[in-house]
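Here's the structure we're looking at; comments come further down.
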Amino acid sequence: MPDRPNAAELVEAVWEFLGQEVLPNVQDHRQKFRTLVAMNALAIARRELEGDEGGPDEDELRDLARRIREGEVPELAALKNQVAAKLRISNPQYLERYE
Amino acid sequence: MEVALSHKLGPVRSAWLLPGGASKEAWAVDLADGTELLVRRALTGVIHRDTLTLEQEFRVLEAAYEGGVRVPRPVAYLGDIEGREAFAMERVEGETIGRRIVRDPPSGIEQQLADELAKIHALAPLDFLPSGDVIERFYAELDSVGEPHPAIEYGLVWVRERLPHDRERTFCHGDFRVGNFVISEHGLESVLDWEFAHLGDPIEDLAWPLLRAWRFGADDRRLGGLGDPEPYLERYAELTGREVSAEELVVWEVLGNVKWAIGCLTQSRRHLNGQDRSVEYAVLGRLAAEMEYELLDLIEHA
């Protein structure tokens with residue numbers, strides 16, 4: 001067990017630094033955009049580090065992908081839940097668009 | 001850069017890099033005689049599979065311009081500018097940023113988009129345009145990523161079983177959507193970004209701007225956050241005779257989501273495999289899940 005700050009807390013610290021100290025001082029539009037993209041990447045990393053969603057592992061996904069390609073019809077609701085779990089890490093707000 | 005450009009274009013007063021552009025640089029260039037140009041330049045020396053070279057893109061732009069499509073007037077293919085190829089075109093005024101455009105879309109934009117698309121699909125094919133089978137290409141690209149994606153697999157199977165086989169092939173833009181349109185208060189000014197031009201099923205182009213990914217948050221306006229699809233589809237049918245049922249359109253919309261999901265995955269690999277290290281490419285790998293969810297939702301409601 002590492003000393004604190006843990007990985008998620010370190011990522012959060014860098015995210016705050018970018019948002020509070022770097023972003024307000026960036027003049028160039030392209031740099032500003034890239035800073036926002038970088039902050040988004042950190043937010044994803046933080047949610048992943050903090051989350052504990054036990055989804056299917058890679059072997060299970062590989063097996064499912066192969067069976068679907070061979071013609072097996074998957075259970076749509078289960079597939080959607082798998083993707084929703086990924087979205088809760090990558091972009092939780094996205095799911096609100098379907099409510 | 002100004003010196004390199006002036007060798008090809010004549011005396012340059014100023015040149016500055018414009019924001020945006022994930023795959024190409026865009027330079028605003030003012031010549032000493034007052035001419036305002038936009039120079040499109042490759043971001044790296046690497047030529048990517050399935051996109052045109054800038055020289056080919058310039059020839060496509062010329063063909064579109066001659067065919068009466070609203071595009072910036074092509075000025076010159078410049079060849080090598082400091083190690084990367086580039087071409088110059090007229091700089092057009094207007095907005096391209098999706099989030100701004102969907103706030104207040106101009107009236108009549110739906111029909112204007114159909115007008116341009118009908119003209120594009122009537123252009124004579126150019127010999128270098130790629131024309132492979134899309135489904136085969138998507139499988140090859142997905143396999144090159146090497147990561148399991150059951151949702152994309154299902155989208156591909158579902159589409160393959162439903163795609164009509166007897167359509168004609170036409171000149172296609174390949175990325176006809178908000179973000180690649182220059183829009184002013186008068187409406188559509190220009191269609192940009194011809195690097196994905198190819199020969200394919202025109203309905204692929206027709207359905208592409210309907211994707212949720214190109215509605216920029218204005219989800220209830222299904223045509224690119226701009227308006228309803230009906231006036232757009234009706235005008236396109238009027239001009240081309242190509243009638244598309246709602247059922248068929250959903251199939252193409254699912255395919256579009258498959259295409260953009262795979263596009264995100266392959267672009268993120270450009271970062272991961274060291275070809276183009278960039279945080280912008282990197283995060284695209286995590287964007288693919290949005291298109292996976294959308295395609296499953298479309299299939300569920302079909």
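Just remember, in the structure tokens the first chain shown is A, the second B, etc., residues are 1-based per chain, and ligands are 1-based in the order shown.
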- Message: Would you mind listing, as a PyMOL selection string, all residues of chain A that have at least one atom within 10 Å of chain B, where only C-alpha atoms are what counts?
- Response: chain A and resi 28-42+44+58-74+76-77+79-87+89-91+94-95+97-98
Based on the selection just made, write N, CA and C atoms of those residues as a short mmCIF file (atom, residue, chain, number, x, y, z; two decimals), in the first residue's frame.
```cif
data_model
loop_
_atom_site.label_atom_id
_atom_site.label_comp_id
_atom_site.auth_asym_id
_atom_site.auth_seq_id
_atom_site.Cartn_x
_atom_site.Cartn_y
_atom_site.Cartn_z
N ASP A 28 -3.45 31.00 -26.28
CA ASP A 28 -3.63 30.37 -27.58
C ASP A 28 -4.82 29.40 -27.55
N HIS A 29 -5.73 29.54 -28.53
CA HIS A 29 -6.95 28.71 -28.56
C HIS A 29 -6.63 27.23 -28.62
N ARG A 30 -5.65 26.89 -29.43
CA ARG A 30 -5.30 25.48 -29.59
C ARG A 30 -4.75 24.91 -28.29
N GLN A 31 -3.90 25.69 -27.62
CA GLN A 31 -3.35 25.24 -26.34
C GLN A 31 -4.46 25.10 -25.29
N LYS A 32 -5.39 26.04 -25.33
CA LYS A 32 -6.52 25.99 -24.39
C LYS A 32 -7.33 24.72 -24.59
N PHE A 33 -7.62 24.45 -25.86
CA PHE A 33 -8.38 23.25 -26.20
C PHE A 33 -7.65 21.99 -25.73
N ARG A 34 -6.35 21.95 -25.99
CA ARG A 34 -5.56 20.77 -25.61
C ARG A 34 -5.47 20.63 -24.08
N THR A 35 -5.45 21.75 -23.39
CA THR A 35 -5.44 21.68 -21.93
C THR A 35 -6.76 21.08 -21.43
N LEU A 36 -7.86 21.50 -22.03
CA LEU A 36 -9.16 20.93 -21.64
C LEU A 36 -9.23 19.43 -21.94
N VAL A 37 -8.65 19.04 -23.10
CA VAL A 37 -8.62 17.61 -23.44
C VAL A 37 -7.80 16.85 -22.40
N ALA A 38 -6.67 17.44 -21.99
CA ALA A 38 -5.80 16.80 -21.00
C ALA A 38 -6.54 16.66 -19.66
N MET A 39 -7.29 17.70 -19.28
CA MET A 39 -8.05 17.63 -18.03
C MET A 39 -9.12 16.54 -18.11
N ASN A 40 -9.74 16.42 -19.28
CA ASN A 40 -10.73 15.37 -19.47
C ASN A 40 -10.09 13.98 -19.32
N ALA A 41 -8.88 13.85 -19.88
CA ALA A 41 -8.17 12.57 -19.77
C ALA A 41 -7.89 12.24 -18.29
N LEU A 42 -7.51 13.25 -17.53
CA LEU A 42 -7.25 13.03 -16.10
C LEU A 42 -8.52 12.67 -15.34
N ILE A 44 -11.07 11.08 -16.52
CA ILE A 44 -11.36 9.68 -16.83
C ILE A 44 -10.48 8.77 -15.97
N GLU A 58 -11.02 -9.40 -20.03
CA GLU A 58 -10.72 -9.32 -21.46
C GLU A 58 -11.01 -10.65 -22.17
N ASP A 59 -10.70 -11.75 -21.52
CA ASP A 59 -10.94 -13.06 -22.15
C ASP A 59 -12.43 -13.27 -22.40
N GLU A 60 -13.24 -12.89 -21.42
CA GLU A 60 -14.70 -13.04 -21.59
C GLU A 60 -15.20 -12.16 -22.74
N LEU A 61 -14.67 -10.93 -22.81
CA LEU A 61 -15.07 -10.02 -23.89
C LEU A 61 -14.64 -10.57 -25.26
N ARG A 62 -13.42 -11.11 -25.31
CA ARG A 62 -12.91 -11.69 -26.56
C ARG A 62 -13.80 -12.84 -27.03
N ASP A 63 -14.18 -13.65 -26.07
CA ASP A 63 -15.02 -14.80 -26.39
C ASP A 63 -16.39 -14.34 -26.89
N LEU A 64 -16.95 -13.36 -26.21
CA LEU A 64 -18.26 -12.82 -26.62
C LEU A 64 -18.16 -12.20 -28.02
N ALA A 65 -17.11 -11.39 -28.25
CA ALA A 65 -16.92 -10.74 -29.55
C ALA A 65 -16.84 -11.79 -30.66
N ARG A 66 -16.10 -12.87 -30.41
CA ARG A 66 -15.93 -13.92 -31.42
C ARG A 66 -17.27 -14.60 -31.72
N ARG A 67 -18.02 -14.90 -30.65
CA ARG A 67 -19.31 -15.58 -30.85
C ARG A 67 -20.29 -14.71 -31.63
N ILE A 68 -20.28 -13.41 -31.35
CA ILE A 68 -21.17 -12.50 -32.08
C ILE A 68 -20.78 -12.47 -33.56
N ARG A 69 -19.48 -12.41 -33.82
CA ARG A 69 -19.03 -12.38 -35.22
C ARG A 69 -19.45 -13.66 -35.94
N GLU A 70 -19.50 -14.75 -35.21
CA GLU A 70 -19.88 -16.03 -35.82
C GLU A 70 -21.40 -16.18 -35.96
N GLY A 71 -22.14 -15.17 -35.49
CA GLY A 71 -23.57 -15.19 -35.73
C GLY A 71 -24.47 -15.33 -34.51
N GLU A 72 -23.86 -15.52 -33.35
CA GLU A 72 -24.68 -15.61 -32.14
C GLU A 72 -25.32 -14.25 -31.85
N VAL A 73 -26.63 -14.26 -31.55
CA VAL A 73 -27.30 -13.00 -31.23
C VAL A 73 -27.16 -12.74 -29.73
N PRO A 74 -26.50 -11.64 -29.37
CA PRO A 74 -26.27 -11.38 -27.95
C PRO A 74 -27.51 -10.85 -27.26
N LEU A 76 -29.22 -8.04 -25.81
CA LEU A 76 -28.97 -6.61 -26.03
C LEU A 76 -28.84 -5.83 -24.72
N ALA A 77 -29.70 -6.14 -23.75
CA ALA A 77 -29.68 -5.39 -22.49
C ALA A 77 -28.35 -5.58 -21.76
N LEU A 79 -25.45 -6.32 -23.16
CA LEU A 79 -24.43 -5.61 -23.93
C LEU A 79 -24.46 -4.12 -23.62
N LYS A 80 -25.69 -3.58 -23.53
CA LYS A 80 -25.84 -2.16 -23.22
C LYS A 80 -25.31 -1.84 -21.83
N ASN A 81 -25.57 -2.74 -20.88
CA ASN A 81 -25.06 -2.53 -19.52
C ASN A 81 -23.54 -2.51 -19.49
N GLN A 82 -22.92 -3.39 -20.27
CA GLN A 82 -21.45 -3.41 -20.35
C GLN A 82 -20.92 -2.07 -20.84
N VAL A 83 -21.56 -1.55 -21.89
CA VAL A 83 -21.10 -0.28 -22.46
C VAL A 83 -21.39 0.87 -21.48
N ALA A 84 -22.55 0.80 -20.82
CA ALA A 84 -22.90 1.85 -19.85
C ALA A 84 -21.86 1.91 -18.73
N ALA A 85 -21.35 0.75 -18.34
CA ALA A 85 -20.32 0.71 -17.28
C ALA A 85 -19.05 1.43 -17.76
N LYS A 86 -18.70 1.26 -19.04
CA LYS A 86 -17.53 1.98 -19.58
C LYS A 86 -17.80 3.48 -19.60
N LEU A 87 -19.04 3.85 -19.93
CA LEU A 87 -19.38 5.29 -20.02
C LEU A 87 -19.40 5.95 -18.65
N ILE A 89 -17.32 5.64 -16.55
CA ILE A 89 -15.94 6.08 -16.33
C ILE A 89 -15.53 7.15 -17.35
N SER A 90 -15.82 6.89 -18.63
CA SER A 90 -15.30 7.80 -19.66
C SER A 90 -16.10 9.10 -19.77
N ASN A 91 -17.43 9.03 -19.59
CA ASN A 91 -18.25 10.23 -19.74
C ASN A 91 -19.63 10.01 -19.11
N TYR A 94 -22.85 11.53 -20.52
CA TYR A 94 -23.38 11.07 -21.81
C TYR A 94 -24.67 10.27 -21.64
N LEU A 95 -24.71 9.46 -20.60
CA LEU A 95 -25.88 8.60 -20.39
C LEU A 95 -27.14 9.40 -20.12
N ARG A 97 -28.18 11.76 -21.77
CA ARG A 97 -28.82 12.08 -23.05
C ARG A 97 -29.87 11.05 -23.43
N TYR A 98 -29.90 9.93 -22.74
CA TYR A 98 -30.87 8.87 -23.07
C TYR A 98 -32.02 8.80 -22.08
#
```
- Task: Pick out each residue of range 24-81 of chain B that DSSP on the backbone tags as alpha helix (DSSP H); I need them as a ChimeraX atom specification.
- Result: /B:54-66
- Task: Would you kindly return, as a PyMOL selection string, each protein, DNA or RNA residue with an atom no farther than 6 Å from any atom of range 101-118 of chain B, considering only C-alpha atoms and excluding same-chain residues fewer than 6 positions away?
- Result: chain B and resi 69+185+187+225-226+232+235-236
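Distance check against Asp143 in chain B using only C-alpha atoms: of B:Thr266, B:Thr240, B:Ser6, B:Gln275, the minimum falls on B:Thr266.
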- Task: Tell me which protein, DNA and RNA residues are within 12 Å of Val92 in chain B, counting only C-alpha atoms, leaving out same-chain ones fewer than 4 positions away, and put them as an NGL selection string.
- Result: :B and (28 or 35-39 or 70-74 or 96 or 181-184 or 188-192)
- Give me, please, the distance in Å between CA of Glu247 in chain B and CA of Asp133 in chain B, quoted to one decimal. 21.5 Å
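A straight line drawn from CA of Arg269 in chain B to CA of Val145 in chain B is 7.1 Å long.
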- Item | Surrounding residues of Ala32 in chain B excluding itself and chain neighbours under 5 positions, 8 Å, only C-alpha atoms, as a ChimeraX atom specification | /B:10-13
Those same residues - C-alpha atoms - I'd like them written as a PDB file, in the first residue's frame.
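The resulting file, selection-v3.pdb, is reproduced below:
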```
ATOM      1  CA  GLY B  10       4.427  35.264 -53.684  1.00  0.00           C
ATOM      2  CA  PRO B  11       5.072  37.807 -50.923  1.00  0.00           C
ATOM      3  CA  VAL B  12       3.299  36.861 -47.657  1.00  0.00           C
ATOM      4  CA  ARG B  13       2.212  39.584 -45.248  1.00  0.00           C
TER       5      ARG B  13
END
```
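As for CA of Glu82 in chain B and CA of His7 in chain B, they are spaced 11.4 Å apart.
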